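Structure data (CSV, C-alpha atoms) from coords.csv:
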```
chain,number,residue,atom,x,y,z
A,214,MET,CA,32.4,-98.1,5.1
A,215,PRO,CA,31.6,-95.0,3.1
A,216,ASP,CA,33.0,-91.7,4.2
A,217,THR,CA,30.5,-89.4,5.9
A,218,PRO,CA,29.8,-86.3,3.7
A,219,PRO,CA,31.3,-83.2,5.2
A,220,LYS,CA,29.1,-80.6,6.8
A,221,ILE,CA,28.6,-77.3,5.0
A,222,VAL,CA,29.8,-74.4,7.2
A,223,VAL,CA,28.0,-71.1,6.6
A,224,PRO,CA,28.5,-67.7,8.4
A,225,ALA,CA,25.7,-67.1,10.9
A,226,GLU,CA,24.5,-63.9,9.3
A,227,ASP,CA,24.6,-65.4,5.8
A,228,LEU,CA,22.6,-68.4,7.1
A,229,ARG,CA,20.1,-66.0,8.7
A,230,THR,CA,19.7,-64.0,5.5
A,231,PHE,CA,19.3,-67.2,3.4
A,232,SER,CA,16.7,-68.7,5.7
A,233,ALA,CA,14.8,-65.5,5.8
A,234,ALA,CA,14.8,-65.3,2.0
A,235,LEU,CA,13.4,-68.9,1.8
A,236,LEU,CA,10.7,-68.2,4.3
A,237,GLU,CA,9.7,-64.9,2.6
A,238,LYS,CA,9.4,-66.8,-0.7
A,239,GLY,CA,7.3,-69.3,1.2
A,240,GLY,CA,4.8,-66.6,2.0
A,241,LEU,CA,5.8,-64.7,5.1
A,242,SER,CA,6.3,-61.0,5.2
A,243,ALA,CA,9.9,-59.8,5.2
A,244,GLU,CA,9.7,-58.9,8.9
A,245,HIS,CA,8.1,-62.2,9.9
A,246,ALA,CA,10.6,-64.2,7.8
A,247,ARG,CA,13.5,-62.5,9.5
A,248,THR,CA,12.0,-63.1,12.9
A,249,THR,CA,11.5,-66.7,12.2
A,250,ALA,CA,15.0,-67.1,10.8
A,251,ASP,CA,16.4,-65.4,13.9
A,252,VAL,CA,15.0,-68.2,16.0
A,253,PHE,CA,16.3,-71.0,13.8
A,254,VAL,CA,19.8,-69.6,13.5
A,255,TRP,CA,19.9,-68.9,17.3
A,256,ALA,CA,19.2,-72.6,17.9
A,257,ALA,CA,21.7,-73.7,15.2
A,258,GLN,CA,24.4,-71.5,16.6
A,259,ARG,CA,23.9,-73.1,20.1
A,260,GLY,CA,24.1,-76.6,18.6
A,261,VAL,CA,20.4,-77.3,19.0
A,262,ASP,CA,20.3,-78.6,15.4
A,263,SER,CA,16.8,-80.2,15.8
A,264,HIS,CA,15.4,-76.7,16.1
A,265,GLY,CA,17.8,-75.0,13.8
A,266,THR,CA,17.8,-74.5,10.0
A,267,ALA,CA,16.5,-78.0,9.7
A,268,ARG,CA,13.2,-76.5,10.5
A,269,VAL,CA,13.1,-74.2,7.5
A,270,PRO,CA,11.8,-77.0,5.1
A,271,ALA,CA,9.3,-78.1,7.6
A,272,TYR,CA,7.9,-74.5,8.0
A,273,LEU,CA,7.8,-74.1,4.3
A,274,ASP,CA,5.6,-77.2,4.2
A,275,LEU,CA,3.4,-75.8,7.0
A,276,LEU,CA,2.9,-72.6,5.1
A,277,ALA,CA,2.3,-74.3,1.8
A,278,LYS,CA,-0.4,-76.5,3.3
A,279,GLY,CA,-2.0,-73.6,5.1
A,280,VAL,CA,-1.4,-75.2,8.5
A,281,ALA,CA,0.6,-72.0,9.4
A,282,ASN,CA,-1.0,-68.7,8.4
A,283,ALA,CA,1.4,-66.7,6.3
A,284,ASP,CA,-0.4,-63.4,6.9
A,285,PRO,CA,-1.7,-63.6,10.5
A,286,ARG,CA,-3.5,-60.9,12.4
A,287,LEU,CA,-1.9,-60.8,15.9
A,288,ILE,CA,-4.3,-59.4,18.5
A,289,VAL,CA,-3.3,-58.6,22.1
A,290,GLU,CA,-6.2,-58.8,24.6
A,291,SER,CA,-5.8,-57.6,28.2
A,292,THR,CA,-8.0,-56.8,31.2
A,293,ALA,CA,-5.1,-56.3,33.6
A,294,PRO,CA,-1.8,-54.4,33.4
A,295,ALA,CA,0.4,-57.4,34.2
A,296,ALA,CA,-1.4,-60.0,32.0
A,297,ALA,CA,-2.4,-60.3,28.4
A,298,VAL,CA,-3.3,-62.9,25.8
A,299,LEU,CA,-1.9,-62.8,22.3
A,300,ASP,CA,-4.2,-64.5,19.7
A,301,ALA,CA,-1.8,-65.7,17.1
A,302,ASP,CA,-4.2,-66.4,14.3
A,303,ARG,CA,-2.1,-69.6,13.5
A,304,ALA,CA,1.0,-67.6,13.0
A,305,PRO,CA,4.3,-69.5,13.0
A,306,GLY,CA,5.5,-69.8,16.6
A,307,PRO,CA,8.6,-67.6,16.2
A,308,VAL,CA,6.4,-64.7,15.0
A,309,ALA,CA,3.8,-65.1,17.9
A,310,LEU,CA,6.2,-65.8,20.7
A,311,THR,CA,8.7,-63.1,19.8
A,312,ALA,CA,5.9,-60.6,20.0
A,313,ALA,CA,4.7,-62.1,23.2
A,314,ALA,CA,8.2,-61.9,24.8
A,315,ASP,CA,8.5,-58.2,23.9
A,316,GLU,CA,5.0,-57.5,25.3
A,317,ALA,CA,5.9,-59.3,28.5
A,318,VAL,CA,9.0,-57.2,28.9
A,319,ARG,CA,7.2,-54.0,28.2
A,320,ARG,CA,4.5,-54.8,30.8
A,321,ALA,CA,6.9,-56.1,33.4
A,322,ARG,CA,8.9,-52.9,33.3
A,323,GLU,CA,5.8,-51.1,34.5
A,324,THR,CA,4.3,-53.8,36.9
A,325,GLY,CA,7.4,-55.8,38.0
A,326,ILE,CA,6.1,-59.0,36.7
A,327,ALA,CA,4.0,-59.8,33.6
A,328,SER,CA,2.7,-62.8,31.8
A,329,VAL,CA,1.5,-63.1,28.2
A,330,GLY,CA,-0.4,-66.2,27.0
A,331,VAL,CA,-0.2,-67.2,23.4
A,332,ARG,CA,-3.2,-68.8,21.8
A,333,ARG,CA,-3.5,-70.7,18.5
A,334,THR,CA,0.1,-70.7,17.2
A,335,VAL,CA,1.9,-73.3,15.1
A,336,HIS,CA,5.1,-74.9,16.3
A,337,THR,CA,6.9,-72.6,18.7
A,338,GLY,CA,10.5,-73.4,17.8
A,339,ALA,CA,13.1,-73.3,20.5
A,340,ILE,CA,11.4,-72.1,23.6
A,341,GLY,CA,14.7,-71.1,25.1
A,342,TYR,CA,15.0,-68.3,22.5
A,343,TYR,CA,12.1,-66.4,24.0
A,344,ALA,CA,13.2,-66.8,27.6
A,345,SER,CA,16.7,-65.6,26.5
A,346,ARG,CA,15.2,-62.7,24.6
A,347,ILE,CA,13.7,-61.6,27.9
A,348,ALA,CA,16.9,-62.1,29.8
A,349,ASP,CA,18.9,-60.2,27.2
A,350,GLN,CA,16.9,-57.1,28.3
A,351,GLY,CA,17.9,-57.7,31.9
A,352,LEU,CA,14.7,-59.5,33.1
A,353,VAL,CA,14.2,-63.1,34.2
A,354,GLY,CA,12.3,-65.0,31.5
A,355,LEU,CA,10.1,-68.1,31.9
A,356,GLY,CA,8.3,-70.0,29.1
A,357,PHE,CA,5.9,-72.9,29.0
A,358,VAL,CA,4.5,-74.6,25.9
A,359,ALA,CA,1.7,-77.1,25.4
A,360,GLY,CA,1.3,-79.0,22.1
A,361,MET,CA,-0.3,-82.0,20.5
A,362,PRO,CA,-0.1,-85.2,22.5
A,363,ASN,CA,2.8,-87.3,21.3
A,364,MET,CA,4.2,-88.8,24.5
A,365,GLY,CA,3.3,-91.4,27.0
A,366,TYR,CA,1.6,-90.7,30.4
A,367,THR,CA,2.2,-93.0,33.3
A,368,GLY,CA,-0.5,-95.6,33.5
A,369,VAL,CA,-2.0,-94.8,30.0
A,370,LYS,CA,-1.8,-97.0,27.0
A,371,GLY,CA,-0.5,-95.1,24.0
A,372,ALA,CA,0.3,-91.4,23.5
A,373,ALA,CA,-1.5,-89.1,26.0
A,374,VAL,CA,0.3,-85.8,26.6
A,375,ALA,CA,2.8,-83.6,24.7
A,376,THR,CA,6.6,-83.3,25.1
A,377,SER,CA,5.9,-79.8,26.4
A,378,PRO,CA,9.0,-77.8,27.2
A,379,LEU,CA,10.0,-75.4,29.9
A,380,ALA,CA,12.6,-72.6,29.7
A,381,ILE,CA,14.0,-70.3,32.4
A,382,ALA,CA,16.6,-67.7,31.6
A,383,VAL,CA,18.4,-65.6,34.3
A,384,PRO,CA,20.7,-62.7,33.3
A,385,ALA,CA,24.1,-62.3,34.9
A,386,ARG,CA,26.8,-59.6,34.7
A,387,GLU,CA,30.0,-61.4,33.8
A,388,HIS,CA,28.8,-65.0,33.0
A,389,ALA,CA,26.6,-66.0,30.2
A,390,PRO,CA,22.9,-66.1,31.3
A,391,LEU,CA,21.7,-69.2,32.9
A,392,LEU,CA,19.3,-71.0,30.5
A,393,LEU,CA,17.4,-74.0,31.5
A,394,ASP,CA,15.7,-75.3,28.4
A,395,MET,CA,14.1,-78.8,28.7
A,396,ALA,CA,11.3,-80.9,27.5
A,397,THR,CA,9.2,-83.1,29.7
A,398,ALA,CA,10.3,-86.1,27.7
A,399,THR,CA,13.3,-88.4,28.3
A,400,ILE,CA,14.3,-88.1,24.7
A,401,ALA,CA,13.3,-85.9,21.8
A,402,LEU,CA,11.3,-87.2,18.8
A,403,GLY,CA,14.1,-86.1,16.6
A,404,LYS,CA,16.5,-88.3,18.5
A,405,ILE,CA,14.3,-91.3,17.8
A,406,ARG,CA,14.4,-90.5,14.1
A,407,GLN,CA,18.2,-90.1,14.2
A,408,ALA,CA,18.6,-93.4,16.0
A,409,ARG,CA,16.4,-95.1,13.4
A,410,ALA,CA,18.4,-93.7,10.5
A,411,SER,CA,21.7,-94.8,12.1
A,412,GLY,CA,20.4,-98.1,13.5
A,413,THR,CA,21.6,-97.1,17.0
A,414,PRO,CA,19.7,-98.6,20.0
A,415,LEU,CA,17.8,-96.2,22.2
A,416,PRO,CA,18.5,-95.8,25.9
A,417,GLU,CA,16.5,-97.9,28.3
A,418,GLY,CA,13.2,-96.2,29.3
A,419,ALA,CA,13.4,-93.5,26.7
A,420,ALA,CA,10.9,-94.5,24.1
A,421,ALA,CA,7.9,-96.8,23.5
A,422,THR,CA,5.9,-98.5,20.8
A,423,ALA,CA,2.5,-97.2,19.8
A,424,ASP,CA,0.8,-99.0,22.6
A,425,GLY,CA,3.2,-97.6,25.2
A,426,THR,CA,5.5,-100.6,25.6
A,427,PRO,CA,9.0,-99.4,26.4
A,428,THR,CA,11.6,-100.4,23.7
A,429,THR,CA,15.2,-99.7,22.8
A,430,ASP,CA,14.6,-100.6,19.1
A,431,PRO,CA,14.4,-97.4,17.1
A,432,GLU,CA,12.4,-99.2,14.4
A,433,GLN,CA,9.7,-100.0,16.9
A,434,ALA,CA,9.8,-96.7,18.8
A,435,VAL,CA,7.2,-94.2,17.9
A,436,MET,CA,7.0,-91.9,20.9
A,437,PRO,CA,9.2,-90.7,23.8
A,438,LEU,CA,8.5,-91.6,27.4
A,439,PRO,CA,8.1,-88.8,30.0
A,440,LEU,CA,11.2,-87.6,32.0
A,441,GLY,CA,11.1,-89.1,35.4
A,442,GLY,CA,8.0,-91.1,34.7
A,443,ALA,CA,5.0,-89.6,36.5
A,444,LYS,CA,7.0,-86.4,37.2
A,445,GLY,CA,7.5,-85.6,33.5
A,446,SER,CA,3.9,-86.6,32.4
A,447,GLY,CA,2.5,-84.6,35.3
A,448,MET,CA,4.5,-81.5,34.3
A,449,SER,CA,3.2,-81.8,30.8
A,450,LEU,CA,-0.4,-82.0,32.0
A,451,ALA,CA,0.2,-79.0,34.2
A,452,PHE,CA,1.6,-77.0,31.3
A,453,GLU,CA,-1.6,-77.7,29.3
A,454,LEU,CA,-3.5,-76.1,32.2
A,455,LEU,CA,-1.2,-73.2,32.5
A,456,THR,CA,-1.2,-72.4,28.7
A,457,SER,CA,-4.0,-73.9,26.7
A,458,VAL,CA,-6.8,-74.1,29.3
A,459,LEU,CA,-5.8,-70.7,30.8
A,460,VAL,CA,-6.1,-68.9,27.5
A,461,GLY,CA,-9.3,-70.7,26.5
A,462,ALA,CA,-7.8,-72.9,23.8
A,463,PRO,CA,-7.7,-76.4,25.2
A,464,ILE,CA,-5.7,-79.0,23.3
A,465,PHE,CA,-5.6,-82.1,25.4
A,466,ALA,CA,-9.3,-82.7,25.9
A,467,SER,CA,-10.3,-81.8,22.3
A,468,PHE,CA,-7.4,-83.9,20.9
A,469,HIS,CA,-8.7,-87.0,22.7
A,470,ALA,CA,-12.2,-86.2,21.6
A,471,GLY,CA,-11.0,-86.4,17.9
A,472,ASP,CA,-9.8,-82.9,17.0
A,473,ARG,CA,-6.3,-83.5,15.6
A,474,LYS,CA,-5.7,-80.1,13.9
A,475,HIS,CA,-2.2,-79.0,14.7
A,476,ARG,CA,-1.8,-76.1,17.1
A,477,GLN,CA,0.2,-75.0,20.1
A,478,ASN,CA,-0.2,-72.6,23.0
A,479,ALA,CA,2.3,-70.9,25.3
A,480,LEU,CA,2.8,-68.8,28.3
A,481,LEU,CA,5.7,-66.3,28.7
A,482,ILE,CA,6.5,-64.6,32.0
A,483,ALA,CA,8.9,-61.7,32.6
A,484,LEU,CA,10.2,-60.7,36.1
A,485,ASP,CA,12.0,-57.4,36.5
A,486,PRO,CA,14.7,-57.7,39.2
A,487,ALA,CA,14.3,-54.0,39.9
A,488,ALA,CA,10.9,-54.8,41.4
A,489,PHE,CA,12.5,-57.1,44.0
A,490,GLY,CA,15.5,-55.0,45.0
A,491,ASP,CA,18.7,-53.6,43.4
A,492,PRO,CA,19.0,-55.1,39.9
A,493,GLU,CA,22.8,-54.6,39.9
A,494,ALA,CA,23.1,-56.5,43.1
A,495,PHE,CA,20.9,-59.2,41.6
A,496,VAL,CA,23.1,-59.9,38.6
A,497,GLY,CA,26.2,-59.7,40.8
A,498,ALA,CA,24.7,-62.3,43.1
A,499,VAL,CA,23.8,-64.5,40.1
A,500,ASP,CA,27.5,-64.3,39.0
A,501,ASP,CA,28.5,-65.2,42.6
A,502,THR,CA,26.1,-68.2,42.5
A,503,LEU,CA,27.3,-69.5,39.2
A,504,GLY,CA,30.9,-68.9,40.1
A,505,ALA,CA,30.4,-70.8,43.4
A,506,LEU,CA,29.0,-73.7,41.4
A,507,LYS,CA,31.9,-73.8,39.0
A,508,GLY,CA,34.3,-73.7,41.9
A,509,LEU,CA,33.0,-77.0,43.3
A,510,PRO,CA,35.3,-80.0,42.8
A,511,ALA,CA,34.5,-81.9,39.6
A,512,ALA,CA,33.5,-85.5,39.8
A,513,ASP,CA,35.9,-88.2,38.6
A,514,GLY,CA,35.7,-88.4,34.8
A,515,ALA,CA,33.7,-85.2,34.4
A,516,ASP,CA,34.8,-82.6,31.9
A,517,GLY,CA,34.1,-79.9,34.4
A,518,VAL,CA,31.3,-78.2,36.3
A,519,PHE,CA,28.8,-76.4,34.1
A,520,TYR,CA,25.5,-74.5,34.7
A,521,PRO,CA,22.5,-74.8,32.3
A,522,GLY,CA,23.2,-72.9,29.1
A,523,GLU,CA,26.9,-72.3,29.6
A,524,ARG,CA,28.1,-74.8,27.1
A,525,SER,CA,25.6,-73.9,24.4
A,526,ALA,CA,26.6,-70.2,24.9
A,527,ALA,CA,30.2,-71.2,24.3
A,528,VAL,CA,29.2,-73.1,21.1
A,529,ALA,CA,27.2,-70.1,19.9
A,530,GLU,CA,30.3,-67.9,20.4
A,531,GLU,CA,32.5,-70.3,18.5
A,532,ARG,CA,30.0,-70.7,15.7
A,533,GLY,CA,29.6,-67.0,15.5
A,534,ARG,CA,33.3,-66.8,14.7
A,535,LYS,CA,33.8,-69.9,12.6
A,536,GLY,CA,30.3,-70.3,11.0
A,537,VAL,CA,27.4,-72.7,11.6
A,538,PRO,CA,27.7,-76.3,10.3
A,539,VAL,CA,24.8,-77.7,8.4
A,540,VAL,CA,24.5,-81.4,7.9
A,541,PRO,CA,24.4,-82.7,4.3
A,542,LYS,CA,20.8,-83.9,4.4
A,543,VAL,CA,19.5,-80.5,5.6
A,544,TRP,CA,21.8,-78.6,3.2
A,545,ARG,CA,20.4,-80.7,0.3
A,546,GLU,CA,16.8,-79.9,1.3
A,547,LEU,CA,17.6,-76.2,1.7
A,548,THR,CA,19.3,-76.2,-1.7
A,549,GLU,CA,16.3,-77.9,-3.4
A,550,HIS,CA,13.9,-75.4,-1.9
A,551,ALA,CA,16.3,-72.5,-3.0
A,552,GLU,CA,16.3,-73.8,-6.6
A,553,ARG,CA,12.5,-74.2,-6.6
A,554,LEU,CA,11.9,-70.7,-5.1
A,555,GLY,CA,14.7,-68.9,-6.9
A,556,VAL,CA,16.7,-68.0,-3.8
A,557,ALA,CA,20.5,-67.6,-4.2
A,558,LEU,CA,22.6,-69.9,-2.0
A,559,PRO,CA,25.1,-68.4,0.5
A,560,VAL,CA,28.6,-68.2,-0.8
```
Could you render the structure as structure tokens?
Amino acid sequence: MPDTPPKIVVPAEDLRTFSAALLEKGGLSAEHARTTADVFVWAAQRGVDSHGTARVPAYLDLLAKGVANADPRLIVESTAPAAAVLDADRAPGPVALTAAADEAVRRARETGIASVGVRRTVHTGAIGYYASRIADQGLVGLGFVAGMPNMGYTGVKGAAVATSPLAIAVPAREHAPLLLDMATATIALGKIRQARASGTPLPEGAAATADGTPTTDPEQAVMPLPLGGAKGSGMSLAFELLTSVLVGAPIFASFHAGDRKHRQNALLIALDPAAFGDPEAFVGAVDDTLGALKGLPAADGADGVFYPGERSAAVAEERGRKGVPVVPKVWRELTEHAERLGVALPV
């Protein structure tokens, strides 16, 4: 059996600079390229490789094809202090949602809670980044995304709804913030592709053929199934209403009427603990809650008791010290784009 090629390990800041340089050569402004690279490297540092630097070639392709707008005009519309809609003008998701997260924080500091809907963006990237960005400023962050239907819906033949994610980030004092970052699917599309490449069977009830028949064969699987059956598919439909329909940019109905042009919408919410009481007492109580969880007896065979986001935060800290591993296939693609665009490789 041939040896597996070793992963390339790159310091996080070098990987961020390299990714930004590629994206800038791909057409983004220096600021937007850096913002987008920040999201990718954040995910890569936390071990979420499917949304890490592997996305750089895909975004270069979106920019080259004009699916993503390299020079978007972001417009914030608002008729109420605690709510706004950001029209992204087909900007890459990291550009639009980073701006929306900062806008939500700014408004929430004045109103206690604020929501910003994002209309007409292209691939949001890791939704957990934006909720975490809000939490890093001491507020509670929530994020919802609706995208193109690519997942089954209970009782429907074929793809019906999107694998729309949800993220909740809660700041703490001593602990790493709680970060719940989940899709409404049982398994990610990227996991299906990985299983196909390795020939590994898929878990029962995780994926289906084009007509919706459940299968464990990665060669036959083309779409994930919803998490918890009707619960996951129902959440996805609800997120479509909370994002796309709410901001006047429906995806679901127009998709099934024949409009297959790629786009995504989102909703970010920021809650200021100071509006609910003493913010210092809040983060202290968050620490107490997380500490109480971790103090519970671990089940037989468990590695320990962990709260959402704890392990990925530890991975991020370790990779911050030791560097971020990049799998050979992704490194090869990045290298090819670097040669084509005249970008120097990290040392």
So that I can check the surroundings of region 531-537 of chain A, please list as a short mmCIF file (atom, residue, chain, number, x, y, z; two decimals) with C-alpha atoms, in the frame of the given file every protein, DNA and RNA residue that reaches within 9 Å of it, counting only C-alpha atoms and ignoring chain neighbours fewer than 6 positions away.
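selection_5.cif was written with the following content:
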```cif
data_model
loop_
_atom_site.label_atom_id
_atom_site.label_comp_id
_atom_site.auth_asym_id
_atom_site.auth_seq_id
_atom_site.Cartn_x
_atom_site.Cartn_y
_atom_site.Cartn_z
CA ILE A 221 28.60 -77.30 5.00
CA VAL A 222 29.80 -74.40 7.20
CA VAL A 223 28.00 -71.10 6.60
CA PRO A 224 28.50 -67.70 8.40
CA ALA A 225 25.70 -67.10 10.90
CA GLU A 226 24.50 -63.90 9.30
CA LEU A 228 22.60 -68.40 7.10
CA VAL A 254 19.80 -69.60 13.50
CA ALA A 257 21.70 -73.70 15.20
CA GLN A 258 24.40 -71.50 16.60
CA ARG A 259 23.90 -73.10 20.10
CA GLY A 260 24.10 -76.60 18.60
#
```
Please identify all polymer residues within 12 Å of Trp255 (chain A), counting only C-alpha atoms, omitting same-chain residues fewer than 4 positions from it, and present them as an mmCIF file with C-alpha atoms, keeping the file's coordinate frame.
```
data_model
loop_
_atom_site.group_PDB
_atom_site.id
_atom_site.type_symbol
_atom_site.label_atom_id
_atom_site.label_comp_id
_atom_site.auth_asym_id
_atom_site.auth_seq_id
_atom_site.Cartn_x
_atom_site.Cartn_y
_atom_site.Cartn_z
ATOM 1 C CA ALA A 225 25.700 -67.100 10.900
ATOM 2 C CA GLU A 226 24.500 -63.900 9.300
ATOM 3 C CA LEU A 228 22.600 -68.400 7.100
ATOM 4 C CA ARG A 229 20.100 -66.000 8.700
ATOM 5 C CA ARG A 247 13.500 -62.500 9.500
ATOM 6 C CA THR A 248 12.000 -63.100 12.900
ATOM 7 C CA THR A 249 11.500 -66.700 12.200
ATOM 8 C CA ALA A 250 15.000 -67.100 10.800
ATOM 9 C CA ASP A 251 16.400 -65.400 13.900
ATOM 10 C CA ARG A 259 23.900 -73.100 20.100
ATOM 11 C CA GLY A 260 24.100 -76.600 18.600
ATOM 12 C CA VAL A 261 20.400 -77.300 19.000
ATOM 13 C CA ASP A 262 20.300 -78.600 15.400
ATOM 14 C CA SER A 263 16.800 -80.200 15.800
ATOM 15 C CA HIS A 264 15.400 -76.700 16.100
ATOM 16 C CA GLY A 265 17.800 -75.000 13.800
ATOM 17 C CA THR A 266 17.800 -74.500 10.000
ATOM 18 C CA PRO A 307 8.600 -67.600 16.200
ATOM 19 C CA GLY A 338 10.500 -73.400 17.800
ATOM 20 C CA ALA A 339 13.100 -73.300 20.500
ATOM 21 C CA ILE A 340 11.400 -72.100 23.600
ATOM 22 C CA GLY A 341 14.700 -71.100 25.100
ATOM 23 C CA TYR A 342 15.000 -68.300 22.500
ATOM 24 C CA TYR A 343 12.100 -66.400 24.000
ATOM 25 C CA SER A 345 16.700 -65.600 26.500
ATOM 26 C CA ARG A 346 15.200 -62.700 24.600
ATOM 27 C CA SER A 525 25.600 -73.900 24.400
ATOM 28 C CA ALA A 526 26.600 -70.200 24.900
ATOM 29 C CA VAL A 528 29.200 -73.100 21.100
ATOM 30 C CA ALA A 529 27.200 -70.100 19.900
ATOM 31 C CA GLU A 530 30.300 -67.900 20.400
ATOM 32 C CA ARG A 532 30.000 -70.700 15.700
ATOM 33 C CA GLY A 533 29.600 -67.000 15.500
ATOM 34 C CA VAL A 537 27.400 -72.700 11.600
#
```
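Interatomic distance, CA of Thr548 (chain A) to CA of Thr230 (chain A): 14.2 Å.
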Could you name the residues that touch region 425-440 of chain A at 6 Å or less, counting all atoms listed in the file, but leaving out those on the same chain fewer than 6 positions away, as an MDAnalysis selection string? chainID A and resid 364:365 370:371 397:400 408:409 414:417 419 446
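Excluding Phe519 (chain A) and any residue on its chain fewer than 4 positions from it, the residues at most 10 Å away by all atoms listed in the file are Leu503, Gly504, Leu506, Lys507, Gly508, Ala511, Glu523 and Arg524 of chain A.
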May I ask for the distance between CA of Arg286 (chain A) and CA of Arg319 (chain A), given in Å to one decimal place? 20.3 Å
Neighbouring residues of region 373-382 of chain A were defined as those with any atom within 6 Å, considering only C-alpha atoms; residues of the same chain fewer than 2 positions away were excluded. Please report them as a list of chain:residue names. A:Gly341, A:Ala344, A:Ser345, A:Ala348, A:Val353, A:Gly354, A:Leu355, A:Gly356, A:Phe357, A:Val358, A:Ala359, A:Gly360, A:Met361, A:Pro362, A:Asn363, A:Met364, A:Gly365, A:Tyr366, A:Leu391, A:Leu392, A:Leu393, A:Asp394, A:Met395, A:Ala396, A:Thr397, A:Ala398, A:Ser449
Taking only C-alpha atoms into account, which of A:Leu287, A:Gly351, A:Ala421, A:Ala296 comes nearest Ala312 (chain A)?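 Closest candidate: A:Leu287.
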A:Val560, A:Leu481, A:Ala470, A:Leu554: which is nearest Gly239 (chain A), counting all atoms listed in the file?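 Smallest separation from Gly239 (chain A) among the options: A:Leu554.
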Between A:Arg386, A:Ile405, A:Gly522, A:Asp424, which one has atoms that come closest to Asp500 (chain A), using only C-alpha atoms? A:Arg386
